[in-house]
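Containing TSV, C-alpha atoms and all ligand atoms: entry_17.tsv.
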chain	number	residue	atom	x	y	z
Q	1	MET	CA	27.07	11.42	-16.62
Q	2	ARG	CA	24.15	10.01	-18.60
Q	3	ARG	CA	21.62	7.94	-16.66
Q	4	ILE	CA	21.59	4.24	-17.55
Q	5	TYR	CA	18.10	2.75	-17.64
Q	6	LEU	CA	17.00	-0.83	-17.02
Q	7	SER	CA	15.42	-1.58	-20.40
Q	8	PRO	CA	14.66	1.59	-22.37
Q	9	PRO	CA	13.09	1.57	-25.85
Q	10	ASP	CA	15.70	0.97	-28.57
Q	11	VAL	CA	14.45	2.96	-31.57
Q	12	THR	CA	16.04	2.65	-35.02
Q	13	SER	CA	15.70	4.86	-38.10
Q	14	ASN	CA	13.67	2.05	-39.69
Q	15	ASP	CA	11.11	2.18	-36.82
Q	16	ARG	CA	10.83	5.91	-37.36
Q	17	GLU	CA	10.30	5.48	-41.10
Q	18	MET	CA	7.65	2.80	-40.60
Q	19	LEU	CA	5.75	5.08	-38.23
Q	20	LEU	CA	5.96	8.11	-40.54
Q	21	ALA	CA	4.97	6.05	-43.58
Q	22	ALA	CA	1.82	4.92	-41.75
Q	23	LEU	CA	1.06	8.51	-40.80
Q	24	ASP	CA	1.54	9.70	-44.38
Q	25	SER	CA	-0.58	6.85	-45.76
Q	26	GLY	CA	-3.63	8.27	-43.98
Q	27	TRP	CA	-4.19	5.00	-42.05
Q	28	VAL	CA	-3.91	6.65	-38.64
Q	29	ALA	CA	-6.70	4.86	-36.80
Q	30	PRO	CA	-8.48	2.78	-35.82
Q	31	VAL	CA	-7.38	-0.13	-38.06
Q	32	GLY	CA	-5.34	-0.37	-41.24
Q	33	PRO	CA	-2.83	-2.41	-43.24
Q	34	ASP	CA	-0.03	-2.13	-40.68
Q	35	LEU	CA	-2.23	-3.58	-37.96
Q	36	ASP	CA	-3.17	-6.51	-40.23
Q	37	ALA	CA	0.49	-7.06	-41.12
Q	38	PHE	CA	1.70	-6.74	-37.52
Q	39	GLU	CA	-0.85	-9.36	-36.47
Q	40	ARG	CA	0.33	-11.75	-39.19
Q	41	GLU	CA	4.01	-11.15	-38.44
Q	42	VAL	CA	3.74	-11.56	-34.67
Q	43	ALA	CA	1.57	-14.68	-35.08
Q	44	ALA	CA	4.19	-16.14	-37.44
Q	45	THR	CA	7.00	-15.32	-34.98
Q	46	CYS	CA	5.09	-17.32	-32.35
Q	47	GLY	CA	4.23	-20.18	-34.70
Q	48	ARG	CA	0.51	-19.33	-34.51
Q	49	SER	CA	-2.13	-18.89	-37.19
Q	50	HIS	CA	-3.90	-15.79	-35.76
Q	51	GLY	CA	-2.99	-12.60	-33.92
Q	52	VAL	CA	-5.25	-9.89	-32.48
Q	53	GLY	CA	-3.49	-6.57	-31.85
Q	54	LEU	CA	-4.59	-4.99	-28.56
Q	55	ALA	CA	-3.94	-1.92	-26.44
Q	56	SER	CA	-1.82	-3.82	-23.90
Q	57	GLY	CA	-0.69	-7.24	-22.77
Q	58	THR	CA	-3.07	-6.84	-19.83
Q	59	ALA	CA	-6.01	-6.40	-22.22
Q	60	ALA	CA	-4.86	-9.52	-24.07
Q	61	LEU	CA	-4.84	-11.51	-20.80
Q	62	HIS	CA	-8.34	-10.28	-19.98
Q	63	LEU	CA	-9.71	-11.36	-23.36
Q	64	ALA	CA	-7.85	-14.69	-23.23
Q	65	LEU	CA	-9.53	-15.44	-19.89
Q	66	LEU	CA	-12.98	-14.42	-21.19
Q	67	ASP	CA	-12.44	-16.65	-24.23
Q	68	ALA	CA	-11.65	-19.52	-21.85
Q	69	SER	CA	-15.07	-18.85	-20.20
Q	70	VAL	CA	-13.51	-17.73	-16.92
Q	71	GLY	CA	-16.18	-16.04	-14.85
Q	72	PRO	CA	-17.29	-15.10	-11.33
Q	73	GLY	CA	-16.49	-17.73	-8.71
Q	74	ASP	CA	-13.96	-19.57	-10.88
Q	75	GLU	CA	-10.36	-20.10	-9.88
Q	76	VAL	CA	-7.35	-19.54	-12.13
Q	77	LEU	CA	-3.91	-20.99	-11.36
Q	78	VAL	CA	-1.26	-18.29	-11.78
Q	79	SER	CA	2.52	-18.17	-11.43
Q	80	THR	CA	3.17	-16.20	-8.21
Q	81	PHE	CA	6.55	-14.96	-9.44
Q	82	THR	CA	5.31	-12.44	-12.03
Q	83	PHE	CA	4.20	-8.89	-12.71
Q	84	ALA	CA	0.82	-7.88	-11.22
Q	85	ALA	CA	-0.86	-7.69	-14.64
Q	86	THR	CA	-1.03	-11.50	-14.82
Q	87	ALA	CA	-3.10	-11.76	-11.65
Q	88	ASN	CA	-5.04	-8.52	-12.09
Q	89	ALA	CA	-6.63	-9.81	-15.29
Q	90	VAL	CA	-8.09	-12.76	-13.35
Q	91	THR	CA	-9.91	-10.42	-10.99
Q	92	TYR	CA	-11.36	-8.44	-13.95
Q	93	CYS	CA	-13.36	-11.60	-14.72
Q	94	GLY	CA	-14.63	-11.93	-11.16
Q	95	ALA	CA	-12.45	-15.01	-10.72
Q	96	LYS	CA	-9.85	-15.72	-8.04
Q	97	PRO	CA	-6.15	-16.26	-8.67
Q	98	VAL	CA	-4.57	-19.28	-6.96
Q	99	PHE	CA	-0.82	-18.81	-6.83
Q	100	VAL	CA	1.80	-21.43	-7.62
Q	101	ASP	CA	5.45	-21.00	-6.66
Q	102	ALA	CA	8.51	-21.15	-8.89
Q	103	ASP	CA	11.09	-23.87	-9.48
Q	104	LEU	CA	14.59	-22.84	-8.35
Q	105	SER	CA	16.25	-24.46	-11.36
Q	106	THR	CA	14.34	-22.35	-13.92
Q	107	TRP	CA	12.55	-19.57	-11.94
Q	108	GLN	CA	9.40	-20.67	-13.83
Q	109	MET	CA	6.20	-22.23	-12.43
Q	110	SER	CA	6.97	-25.42	-10.50
Q	111	PRO	CA	5.29	-28.44	-12.14
Q	112	GLU	CA	5.29	-30.25	-8.76
Q	113	LEU	CA	3.45	-27.44	-7.00
Q	114	LEU	CA	1.11	-27.07	-9.98
Q	115	GLU	CA	0.18	-30.74	-9.65
Q	116	GLN	CA	-0.45	-30.27	-5.92
Q	117	ALA	CA	-2.54	-27.16	-6.57
Q	118	ILE	CA	-4.73	-28.87	-9.18
Q	119	GLY	CA	-5.30	-31.88	-6.91
Q	120	ALA	CA	-6.08	-29.81	-3.85
Q	121	ARG	CA	-8.38	-27.26	-5.50
Q	122	GLN	CA	-10.33	-29.86	-7.49
Q	123	ALA	CA	-10.69	-32.00	-4.37
Q	124	ALA	CA	-12.03	-28.94	-2.55
Q	125	GLY	CA	-14.72	-28.65	-5.23
Q	126	ALA	CA	-13.36	-25.48	-6.84
Q	127	ARG	CA	-13.99	-24.90	-10.54
Q	128	VAL	CA	-10.45	-24.40	-11.81
Q	129	ALA	CA	-11.22	-22.80	-15.16
Q	130	ALA	CA	-7.77	-21.91	-16.47
Q	131	ALA	CA	-4.09	-21.55	-15.70
Q	132	ILE	CA	-1.91	-18.60	-16.70
Q	133	VAL	CA	1.66	-19.83	-16.98
Q	134	VAL	CA	4.28	-17.07	-17.29
Q	135	ASP	CA	7.50	-17.23	-19.31
Q	136	LEU	CA	9.45	-15.15	-16.82
Q	137	TYR	CA	12.33	-12.87	-17.75
Q	138	GLY	CA	12.29	-14.22	-21.29
Q	139	GLN	CA	12.58	-17.94	-20.48
Q	140	CYS	CA	9.85	-20.47	-21.24
Q	141	ALA	CA	8.20	-22.50	-18.51
Q	142	ASP	CA	8.60	-26.29	-18.66
Q	143	TYR	CA	5.63	-27.09	-20.91
Q	144	ASP	CA	6.42	-30.79	-21.42
Q	145	ARG	CA	5.68	-31.23	-17.74
Q	146	ILE	CA	2.98	-28.57	-17.34
Q	147	VAL	CA	0.74	-29.30	-20.35
Q	148	PRO	CA	-0.10	-32.95	-19.41
Q	149	LEU	CA	-1.08	-31.87	-15.88
Q	150	LEU	CA	-3.48	-29.24	-17.23
Q	151	ASP	CA	-4.86	-31.61	-19.88
Q	152	GLU	CA	-5.49	-34.24	-17.23
Q	153	GLY	CA	-7.31	-31.69	-15.05
Q	154	GLU	CA	-9.23	-30.32	-18.09
Q	155	ILE	CA	-7.88	-26.84	-17.41
Q	156	SER	CA	-7.34	-24.32	-20.23
Q	157	LEU	CA	-3.77	-23.08	-20.60
Q	158	ILE	CA	-3.07	-19.42	-21.29
Q	159	GLU	CA	0.60	-18.64	-21.90
Q	160	ASP	CA	1.73	-15.26	-20.60
Q	161	ALA	CA	4.62	-14.70	-23.02
Q	162	ALA	CA	4.62	-10.92	-22.41
Q	163	GLU	CA	8.36	-11.02	-21.63
Q	164	ALA	CA	9.33	-13.83	-23.96
Q	165	ILE	CA	8.79	-13.08	-27.66
Q	166	GLY	CA	11.57	-14.79	-29.62
Q	167	ALA	CA	12.40	-17.31	-26.88
Q	168	SER	CA	12.04	-21.01	-27.59
Q	169	TYR	CA	11.19	-24.27	-25.88
Q	170	GLY	CA	12.66	-27.17	-27.83
Q	171	GLN	CA	11.39	-26.71	-31.38
Q	172	HIS	CA	8.52	-24.48	-30.23
Q	173	GLN	CA	8.38	-20.71	-30.02
Q	174	ALA	CA	7.31	-18.76	-26.96
Q	175	GLY	CA	3.67	-17.86	-27.58
Q	176	SER	CA	2.86	-21.21	-29.19
Q	177	PHE	CA	1.49	-22.92	-26.06
Q	178	GLY	CA	-2.07	-23.20	-24.83
Q	179	ARG	CA	-5.46	-22.15	-26.11
Q	180	SER	CA	-4.03	-18.67	-26.52
Q	181	ALA	CA	-0.90	-16.78	-25.58
Q	182	VAL	CA	-0.35	-13.16	-24.70
Q	183	LEU	CA	2.41	-10.74	-25.72
Q	184	SER	CA	3.25	-7.24	-24.56
Q	185	PHE	CA	4.82	-4.36	-26.49
Q	186	ASN	CA	5.09	-2.10	-23.48
Q	187	GLY	CA	7.97	0.38	-23.49
Q	188	ASN	CA	10.38	-1.73	-21.44
Q	189	LYS	CA	9.85	-5.02	-23.28
Q	190	ILE	CA	12.25	-6.44	-25.86
Q	191	ILE	CA	10.23	-4.86	-28.67
Q	192	THR	CA	7.76	-2.06	-28.13
Q	193	SER	CA	4.94	-0.37	-30.03
Q	194	SER	CA	5.21	2.36	-27.34
Q	195	GLY	CA	2.31	0.52	-25.69
Q	196	GLY	CA	0.36	-2.47	-26.93
Q	197	GLY	CA	-0.14	-6.19	-26.77
Q	198	MET	CA	-1.40	-9.15	-28.73
Q	199	LEU	CA	-3.38	-12.32	-28.28
Q	200	VAL	CA	-2.13	-15.15	-30.50
Q	201	THR	CA	-3.94	-18.42	-31.08
Q	202	ASP	CA	-4.45	-21.26	-33.55
Q	203	ASP	CA	-8.19	-21.13	-33.09
Q	204	GLN	CA	-10.13	-18.98	-35.55
Q	205	ALA	CA	-13.10	-18.71	-33.16
Q	206	THR	CA	-10.87	-17.44	-30.33
Q	207	ALA	CA	-9.37	-14.77	-32.58
Q	208	THR	CA	-12.79	-13.68	-33.84
Q	209	ARG	CA	-14.20	-13.51	-30.32
Q	210	ALA	CA	-11.22	-11.50	-29.03
Q	211	ARG	CA	-11.49	-9.04	-31.92
Q	212	TYR	CA	-15.22	-8.66	-31.30
Q	213	LEU	CA	-14.87	-8.10	-27.53
Q	214	ALA	CA	-12.02	-5.64	-28.15
Q	215	THR	CA	-14.26	-3.42	-30.31
Q	216	GLN	CA	-17.11	-2.89	-27.80
Q	217	ALA	CA	-18.76	-6.18	-28.84
Q	218	ARG	CA	-20.21	-4.41	-31.83
Q	219	GLU	CA	-22.40	-6.64	-33.98
Q	220	PRO	CA	-21.86	-6.65	-37.76
Q	221	MET	CA	-24.74	-4.31	-38.58
Q	222	PRO	CA	-24.83	-0.85	-40.16
Q	223	HIS	CA	-26.04	0.75	-36.92
Q	224	TYR	CA	-24.43	0.18	-33.50
Q	225	GLU	CA	-25.92	-3.05	-32.19
Q	226	HIS	CA	-24.69	-4.76	-29.00
Q	227	THR	CA	-25.86	-7.97	-27.38
Q	228	GLU	CA	-22.93	-8.21	-24.93
Q	229	VAL	CA	-20.70	-5.91	-22.93
Q	230	GLY	CA	-17.43	-5.24	-24.78
Q	231	TYR	CA	-14.22	-3.30	-24.34
Q	232	ASN	CA	-12.20	-0.68	-26.19
Q	233	TYR	CA	-8.98	-2.68	-26.45
Q	234	ARG	CA	-7.77	-2.46	-30.07
Q	235	LEU	CA	-4.25	-1.46	-31.06
Q	236	SER	CA	-4.05	1.50	-33.45
Q	237	ASN	CA	-2.60	1.22	-36.93
Q	238	LEU	CA	0.10	3.85	-36.16
Q	239	LEU	CA	1.38	1.94	-33.16
Q	240	ALA	CA	1.28	-1.31	-35.13
Q	241	ALA	CA	3.47	0.30	-37.82
Q	242	PHE	CA	6.02	1.25	-35.18
Q	243	GLY	CA	5.81	-2.27	-33.71
Q	244	ARG	CA	6.47	-3.76	-37.17
Q	245	GLY	CA	9.69	-1.77	-37.39
Q	246	GLN	CA	10.76	-3.11	-34.00
Q	247	LEU	CA	9.80	-6.69	-34.84
Q	248	SER	CA	11.77	-6.63	-38.10
Q	249	ASP	CA	15.06	-6.70	-36.21
Q	250	LEU	CA	14.02	-8.83	-33.26
Q	251	ASP	CA	16.99	-11.14	-33.89
Q	252	ARG	CA	19.49	-8.29	-33.50
Q	253	ARG	CA	17.77	-7.18	-30.29
Q	254	ILE	CA	17.88	-10.69	-28.83
Q	255	GLY	CA	21.49	-11.14	-29.96
Q	256	ARG	CA	22.52	-7.91	-28.26
Q	257	ARG	CA	20.73	-8.83	-25.01
Q	258	ARG	CA	22.40	-12.22	-25.09
Q	259	GLU	CA	25.83	-10.57	-25.40
Q	260	ILE	CA	25.02	-8.28	-22.49
Q	261	ASN	CA	23.97	-11.29	-20.42
Q	262	GLU	CA	27.16	-13.20	-21.28
Q	263	ARG	CA	29.32	-10.20	-20.42
Q	264	TYR	CA	27.72	-9.83	-16.98
Q	265	ARG	CA	28.20	-13.56	-16.38
Q	266	THR	CA	31.87	-13.40	-17.29
Q	267	ALA	CA	32.54	-10.19	-15.37
Q	268	LEU	CA	30.85	-11.36	-12.15
Q	269	ALA	CA	31.80	-15.05	-12.34
Q	270	GLU	CA	34.50	-14.75	-9.66
Q	271	ILE	CA	32.36	-12.89	-7.14
Q	272	GLU	CA	31.17	-15.02	-4.23
Q	273	GLY	CA	27.45	-15.10	-3.61
Q	274	VAL	CA	26.27	-13.81	-7.00
Q	275	GLU	CA	24.14	-16.13	-9.08
Q	276	PHE	CA	22.30	-15.68	-12.37
Q	277	MET	CA	18.87	-16.91	-13.45
Q	278	PRO	CA	19.65	-20.46	-14.62
Q	279	ILE	CA	19.23	-21.12	-18.33
Q	280	ALA	CA	17.21	-24.31	-18.67
Q	281	ASP	CA	18.53	-26.87	-21.16
Q	282	TYR	CA	15.07	-27.28	-22.71
Q	283	GLY	CA	15.20	-24.04	-24.70
Q	284	GLU	CA	16.72	-20.69	-25.46
Q	285	PRO	CA	15.61	-17.50	-23.67
Q	286	ASN	CA	15.38	-14.07	-25.31
Q	287	TYR	CA	17.51	-12.60	-22.48
Q	288	TRP	CA	14.98	-9.82	-21.86
Q	289	LEU	CA	16.53	-8.90	-18.50
Q	290	THR	CA	19.69	-10.18	-16.87
Q	291	CYS	CA	18.78	-11.00	-13.26
Q	292	ILE	CA	21.09	-11.90	-10.43
Q	293	THR	CA	20.48	-13.13	-6.91
Q	294	ILE	CA	22.65	-12.34	-3.93
Q	295	ASP	CA	23.03	-15.30	-1.60
Q	296	PRO	CA	22.88	-14.16	2.05
Q	297	ALA	CA	24.77	-17.31	3.12
Q	298	THR	CA	27.93	-16.32	1.23
Q	299	THR	CA	27.97	-12.51	1.24
Q	300	THR	CA	27.06	-9.85	3.78
Q	301	VAL	CA	26.08	-7.35	1.07
Q	302	ASP	CA	22.36	-7.32	0.43
Q	303	ARG	CA	20.34	-6.56	-2.68
Q	304	GLU	CA	19.22	-3.11	-1.52
Q	305	THR	CA	22.80	-1.98	-0.80
Q	306	ILE	CA	23.75	-2.85	-4.36
Q	307	ARG	CA	20.66	-1.26	-5.86
Q	308	LEU	CA	21.20	1.97	-3.90
Q	309	HIS	CA	24.87	2.11	-4.89
Q	310	LEU	CA	23.85	1.85	-8.56
Q	311	GLU	CA	21.09	4.43	-8.05
Q	312	ALA	CA	23.50	6.88	-6.37
Q	313	ASN	CA	25.55	6.67	-9.56
Q	314	ASP	CA	22.57	7.18	-11.88
Q	315	VAL	CA	22.15	3.55	-12.87
Q	316	GLU	CA	18.65	2.09	-12.76
Q	317	SER	CA	18.19	-1.48	-11.52
Q	318	ARG	CA	15.11	-3.14	-10.00
Q	319	PRO	CA	14.31	-5.83	-7.48
Q	320	THR	CA	12.97	-8.97	-9.14
Q	321	TRP	CA	9.15	-9.23	-9.12
Q	322	LYS	CA	7.66	-9.29	-5.64
Q	323	PRO	CA	5.62	-12.53	-5.60
Q	324	MET	CA	1.86	-12.06	-5.93
Q	325	HIS	CA	1.07	-14.10	-2.79
Q	326	LEU	CA	3.00	-11.46	-0.78
Q	327	GLN	CA	1.13	-8.53	-2.30
Q	328	PRO	CA	-1.35	-6.90	0.09
Q	329	VAL	CA	-4.00	-6.83	-2.65
Q	330	PHE	CA	-3.88	-10.64	-2.96
Q	331	SER	CA	-3.31	-11.43	0.73
Q	332	ASP	CA	-6.37	-13.69	0.98
Q	333	ALA	CA	-5.57	-15.78	-2.11
Q	334	VAL	CA	-5.03	-19.52	-1.82
Q	335	SER	CA	-1.37	-20.25	-2.63
Q	336	PHE	CA	0.92	-23.23	-3.13
Q	337	ILE	CA	4.28	-21.95	-1.95
Q	338	ASP	CA	7.61	-23.53	-1.03
Q	339	GLY	CA	9.63	-20.35	-0.44
Q	340	THR	CA	11.42	-20.24	-3.80
Q	341	SER	CA	9.97	-17.00	-5.16
Q	342	GLU	CA	10.36	-15.32	-1.74
Q	343	ARG	CA	14.03	-16.18	-1.83
Q	344	LEU	CA	14.40	-15.02	-5.44
Q	345	PHE	CA	12.71	-11.74	-4.51
Q	346	ASP	CA	14.73	-11.13	-1.32
Q	347	GLY	CA	18.06	-11.39	-3.10
Q	348	GLY	CA	17.06	-10.67	-6.69
Q	349	LEU	CA	18.10	-7.72	-8.83
Q	350	CYS	CA	17.44	-6.99	-12.53
Q	351	LEU	CA	20.40	-5.29	-14.21
Q	352	PRO	CA	20.40	-2.79	-17.10
Q	353	SER	CA	19.86	-5.04	-20.12
Q	354	GLY	CA	18.52	-2.89	-22.98
Q	355	SER	CA	19.66	-3.67	-26.51
Q	356	SER	CA	20.89	-0.05	-26.80
Q	357	LEU	CA	23.24	-0.40	-23.80
Q	358	ASP	CA	26.76	0.06	-25.18
Q	359	SER	CA	29.81	-1.68	-23.79
Q	360	GLY	CA	31.16	1.50	-22.16
Q	361	ASP	CA	27.92	1.88	-20.22
Q	362	GLN	CA	27.91	-1.79	-19.30
Q	363	ASP	CA	31.48	-1.42	-17.99
Q	364	ARG	CA	30.22	1.39	-15.76
Q	365	VAL	CA	27.51	-0.89	-14.37
Q	366	ILE	CA	29.97	-3.76	-13.86
Q	367	ASP	CA	32.46	-1.52	-12.03
Q	368	LEU	CA	29.71	-0.29	-9.71
Q	369	LEU	CA	28.55	-3.86	-9.04
Q	370	ARG	CA	32.13	-4.89	-8.19
Q	371	GLU	CA	32.51	-1.89	-5.86
Q	372	ALA	CA	29.28	-2.74	-4.05
Q	373	LEU	CA	29.96	-6.49	-3.82
Q	374	CYS	CA	33.65	-6.50	-2.92
Q	375	ARG	CA	33.62	-4.07	-0.02
N	1	LIG	C1	4.51	-6.56	-19.08
N	1	LIG	C2	3.81	-7.77	-18.62
N	1	LIG	C3	2.42	-7.90	-18.74
N	1	LIG	C4	1.50	-6.79	-19.15
N	1	LIG	O1	1.73	-6.20	-20.35
N	1	LIG	P1	1.26	-4.68	-20.58
N	1	LIG	O2	1.44	-4.51	-22.05
N	1	LIG	O3	2.17	-3.81	-19.78
N	1	LIG	O4	-0.15	-4.56	-20.16
N	1	LIG	C5	1.82	-9.10	-18.37
N	1	LIG	N1	2.55	-10.11	-17.88
N	1	LIG	C6	3.88	-10.01	-17.71
N	1	LIG	C7	4.63	-11.19	-17.17
N	1	LIG	C8	4.55	-8.83	-18.05
N	1	LIG	O5	5.86	-8.73	-17.84
Starting from the file, lay out its structure as C-alpha cells.
Amino acid sequence: MRRIYLSPPDVTSNDREMLLAALDSGWVAPVGPDLDAFEREVAATCGRSHGVGLASGTAALHLALLDASVGPGDEVLVSTFTFAATANAVTYCGAKPVFVDADLSTWQMSPELLEQAIGARQAAGARVAAAIVVDLYGQCADYDRIVPLLDEGEISLIEDAAEAIGASYGQHQAGSFGRSAVLSFNGNKIITSSGGGMLVTDDQATATRARYLATQAREPMPHYEHTEVGYNYRLSNLLAAFGRGQLSDLDRRIGRRREINERYRTALAEIEGVEFMPIADYGEPNYWLTCITIDPATTTVDRETIRLHLEANDVESRPTWKPMHLQPVFSDAVSFIDGTSERLFDGGLCLPSGSSLDSGDQDRVIDLLREALCR
C-alpha cells in the first residue's frame, strides 16, 4: 500500500507550466519578473504593500529581527509552542528568547502570560526589543488582545505567519500584523516554492533594508562595495515562478484542507478522549494541519501508541511541536509557563492533512485511528 504523508507538496500541472515557462524565459536566477510578481501577489494576499522573497521563512525571521534593531543582549518574547525556527532566529541576532505559553482555548500565545512576561522582564531591567507571535497550525493569535500590550510596552511585533497564509483574524489577513510578518514556502506548508519564504510589511524602509541585507548588503555601486555584513538570502526567480503557481489556487488548497479537517471531526466525534485544536470565533484558520489531543483522564491509549499504529501501517503522523522551553538547547531561557503547551505536546498528534489526500486515503487513516483508540 502507498505511504500516506503528513503534508506532502501538492503539485498541479499549472505549477509545472509556471516553472517551465520561467526556465524557458531565461530568467533562471538570481532575480526576474516572477520574483517581482510573487512578491506583489503574496503581499496582496496578506493585505500588505511590500514583499521580499527570501530563501526560507527562517531567513525572513532573521531579517525581520534585524530590521527591528534586535541585537546582542536584547530579549525577544516568543511563543513557546512553535517550531524551532522561530526561536533560532532570535539567537542569530545575539539576543535571548523569552518563552510565553499558549492559551488552551486557541493554542496560540496567551495574552495573560504575555502581559506577565512584559511586566516582569521590563521590571527586571531587560531590554525587550521585540515579540515574535506565531499563528500556530494555521490559526491566528488573538491580536486584539496582544497588540495593545506590545504597544504599551513599546515592543515591536513580528508575526510568524509561516503556517498561516490565507487564514484570517476578523477582517484582517494572516501576515497583516506587526512591523513585519514572515511566511514560509517550505515543502510541507500549505503552498510551497520547494523551499523559500517571504517578509511582508507596509513599511517601504523595512522592505528596502531586508532586500539589501539579503543580497550581502551590497551598496548600489558598479563595483562590490559593502559597509555592513549581509547575507545571501534571496529567493530565486525559478522557485518564485513555482510558488506563483501554488499561490494561484490557494483557495482550493485551503478548501480541501478544511474538508479534511471536518471529516476527521465528524469521524472521531464519538470517540472519548479525542479533542481537536479549537477554532477561535475571532477568525478563520487555513486548516494547515488537523491536530488532535488525547486526554489521559478519559482514555488509556496514549499519543505514541496511536502514532506507532499509524506508522506500522505506513501512515505518517507527528507529535505536536515540543515546546521551546523544554528543548535542551533553550534550557536556560527565561519562560512564562502555565503547563498548557506541555499538555498539548504530551497528548498532541498532527494527522495527515495534505490537500492531495483523497477520501479513500483519509478513510484508511480514520480506520487506523479508530482501531488504535477503541481497543
Ligand atoms: C516552517 C516554519 C518556520 C520556518 O520556515 P522555513 O521556510 O522552514 O525556514 C518558522 N516558523 C514556523 C512556525 C514554521 O512552521
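Residues in contact with ligand LIG 1 (chain N) (atom pairs separated by at most 7 Å; only C-alpha atoms and all ligand atoms) are Ser56, Gly57, Thr58, Ala59, Thr82, Phe83, Ala85, Thr86, Val134, Leu136, Asp160, Ala161, Ala162, Glu163, Ser184, Phe185, Asn186, Lys189, Gly195, Gly196 and Gly197 of chain Q.
The coordinates place atom CA of Q:Glu219 at 17.2 Å from atom CA of Q:Leu63.
Here the residues that fall within 7 Å of (15.0, -8.3, 1.4), using all atoms listed in the file, are given as Arg303, Asp346 and Gly347 of chain Q.
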From Q:Thr320, Q:Ser359, Q:Asn237, Q:Gln173, residue lying nearest Q:Gly26 [all atoms listed in the file]: Q:Asn237
Long-range neighbours of Q:Leu20 as a PyMOL selection string, 9 Å cut-off, only C-alpha atoms, 3 positions minimum in chain: chain Q and resi 15-17+23-25+238+241-242
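Among the candidate residues Q:Glu112, Q:Glu159, Q:Glu152, Q:Asp363, the one lying nearest to Q:Ile4 is Q:Asp363, with distances computed using all atoms listed in the file.
Pairwise distance (atom CA of Q:Tyr92, atom CA of Q:Leu54) equals 16.5 Å.
The gap separating atom CA of Q:Ile279 from atom CA of Q:Thr300 is 26.0 Å, in Å to one decimal.
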Centre and edge lengths of an axis-aligned box around all listed atoms of stretch 170-183 of chain Q, with 5 Å added on each side, are to be given in Å to one decimal, as AutoDock Vina command-line options.
--center_x 3.6 --center_y -19.0 --center_z -28.0 --size_x 28.1 --size_y 26.4 --size_z 16.7
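Shortest separation to Q:Val147 among Q:Phe177, Q:Trp321, Q:Tyr5, Q:Tyr264 occurs at residue Q:Phe177, atoms counted being all atoms listed in the file.
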Protein and nucleic acid residues near (18.4, -8.1, -27.0) (cut-off 12 Å, only C-alpha atoms) as JSON, numbers by chain: {"Q": [7, 8, 9, 10, 138, 163, 164, 165, 166, 167, 188, 189, 190, 191, 246, 247, 249, 250, 251, 252, 253, 254, 255, 256, 257, 258, 259, 260, 261, 262, 285, 286, 287, 288, 289, 290, 352, 353, 354, 355, 356, 357, 358]}
Residue nearest Q:Glu41 - candidates Q:Arg244, Q:Arg343, Q:Arg318, Q:Arg364, atoms counted: all atoms listed in the file: Q:Arg244
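In terms of minimum interatomic distance to Q:Leu199, Q:Asp67 ranks closest within Q:Asp135, Q:Asp338, Q:Glu154, Q:Asp67, counting only C-alpha atoms.
Using all atoms listed in the file, the smallest distance between any of Q:Leu308, Q:Leu113, Q:Leu19, Q:Leu326 and Q:Ala84 comes from Q:Leu326.
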Complete the atoms of stretch 87-98 of chain Q to N, CA and C atoms and put them out as a JSON list (two decimals), keeping the file's coordinate frame.
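part.json, freshly written:
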[["chain", "number", "residue", "atom", "x", "y", "z"],
["Q", 87, "ALA", "N", -2.06, -11.44, -12.63],
["Q", 87, "ALA", "CA", -3.10, -11.76, -11.65],
["Q", 87, "ALA", "C", -4.26, -10.78, -11.71],
["Q", 88, "ASN", "N", -3.98, -9.52, -12.01],
["Q", 88, "ASN", "CA", -5.04, -8.52, -12.09],
["Q", 88, "ASN", "C", -6.12, -8.93, -13.10],
["Q", 89, "ALA", "N", -5.67, -9.46, -14.24],
["Q", 89, "ALA", "CA", -6.63, -9.81, -15.29],
["Q", 89, "ALA", "C", -7.63, -10.85, -14.79],
["Q", 90, "VAL", "N", -7.19, -11.74, -13.90],
["Q", 90, "VAL", "CA", -8.09, -12.76, -13.35],
["Q", 90, "VAL", "C", -9.23, -12.10, -12.58],
["Q", 91, "THR", "N", -8.88, -11.08, -11.81],
["Q", 91, "THR", "CA", -9.91, -10.42, -10.99],
["Q", 91, "THR", "C", -10.88, -9.62, -11.88],
["Q", 92, "TYR", "N", -10.43, -9.15, -13.05],
["Q", 92, "TYR", "CA", -11.36, -8.44, -13.95],
["Q", 92, "TYR", "C", -12.54, -9.33, -14.35],
["Q", 93, "CYS", "N", -12.31, -10.66, -14.32],
["Q", 93, "CYS", "CA", -13.36, -11.60, -14.72],
["Q", 93, "CYS", "C", -14.20, -12.04, -13.53],
["Q", 94, "GLY", "N", -13.90, -11.50, -12.37],
["Q", 94, "GLY", "CA", -14.63, -11.93, -11.16],
["Q", 94, "GLY", "C", -14.11, -13.24, -10.61],
["Q", 95, "ALA", "N", -13.02, -13.74, -11.17],
["Q", 95, "ALA", "CA", -12.45, -15.01, -10.72],
["Q", 95, "ALA", "C", -11.35, -14.74, -9.69],
["Q", 96, "LYS", "N", -10.88, -15.85, -9.07],
["Q", 96, "LYS", "CA", -9.85, -15.72, -8.04],
["Q", 96, "LYS", "C", -8.55, -16.36, -8.51],
["Q", 97, "PRO", "N", -7.43, -15.63, -8.36],
["Q", 97, "PRO", "CA", -6.15, -16.26, -8.67],
["Q", 97, "PRO", "C", -5.75, -17.20, -7.55],
["Q", 98, "VAL", "N", -5.16, -18.34, -7.92],
["Q", 98, "VAL", "CA", -4.57, -19.28, -6.96],
["Q", 98, "VAL", "C", -3.09, -19.36, -7.37]]
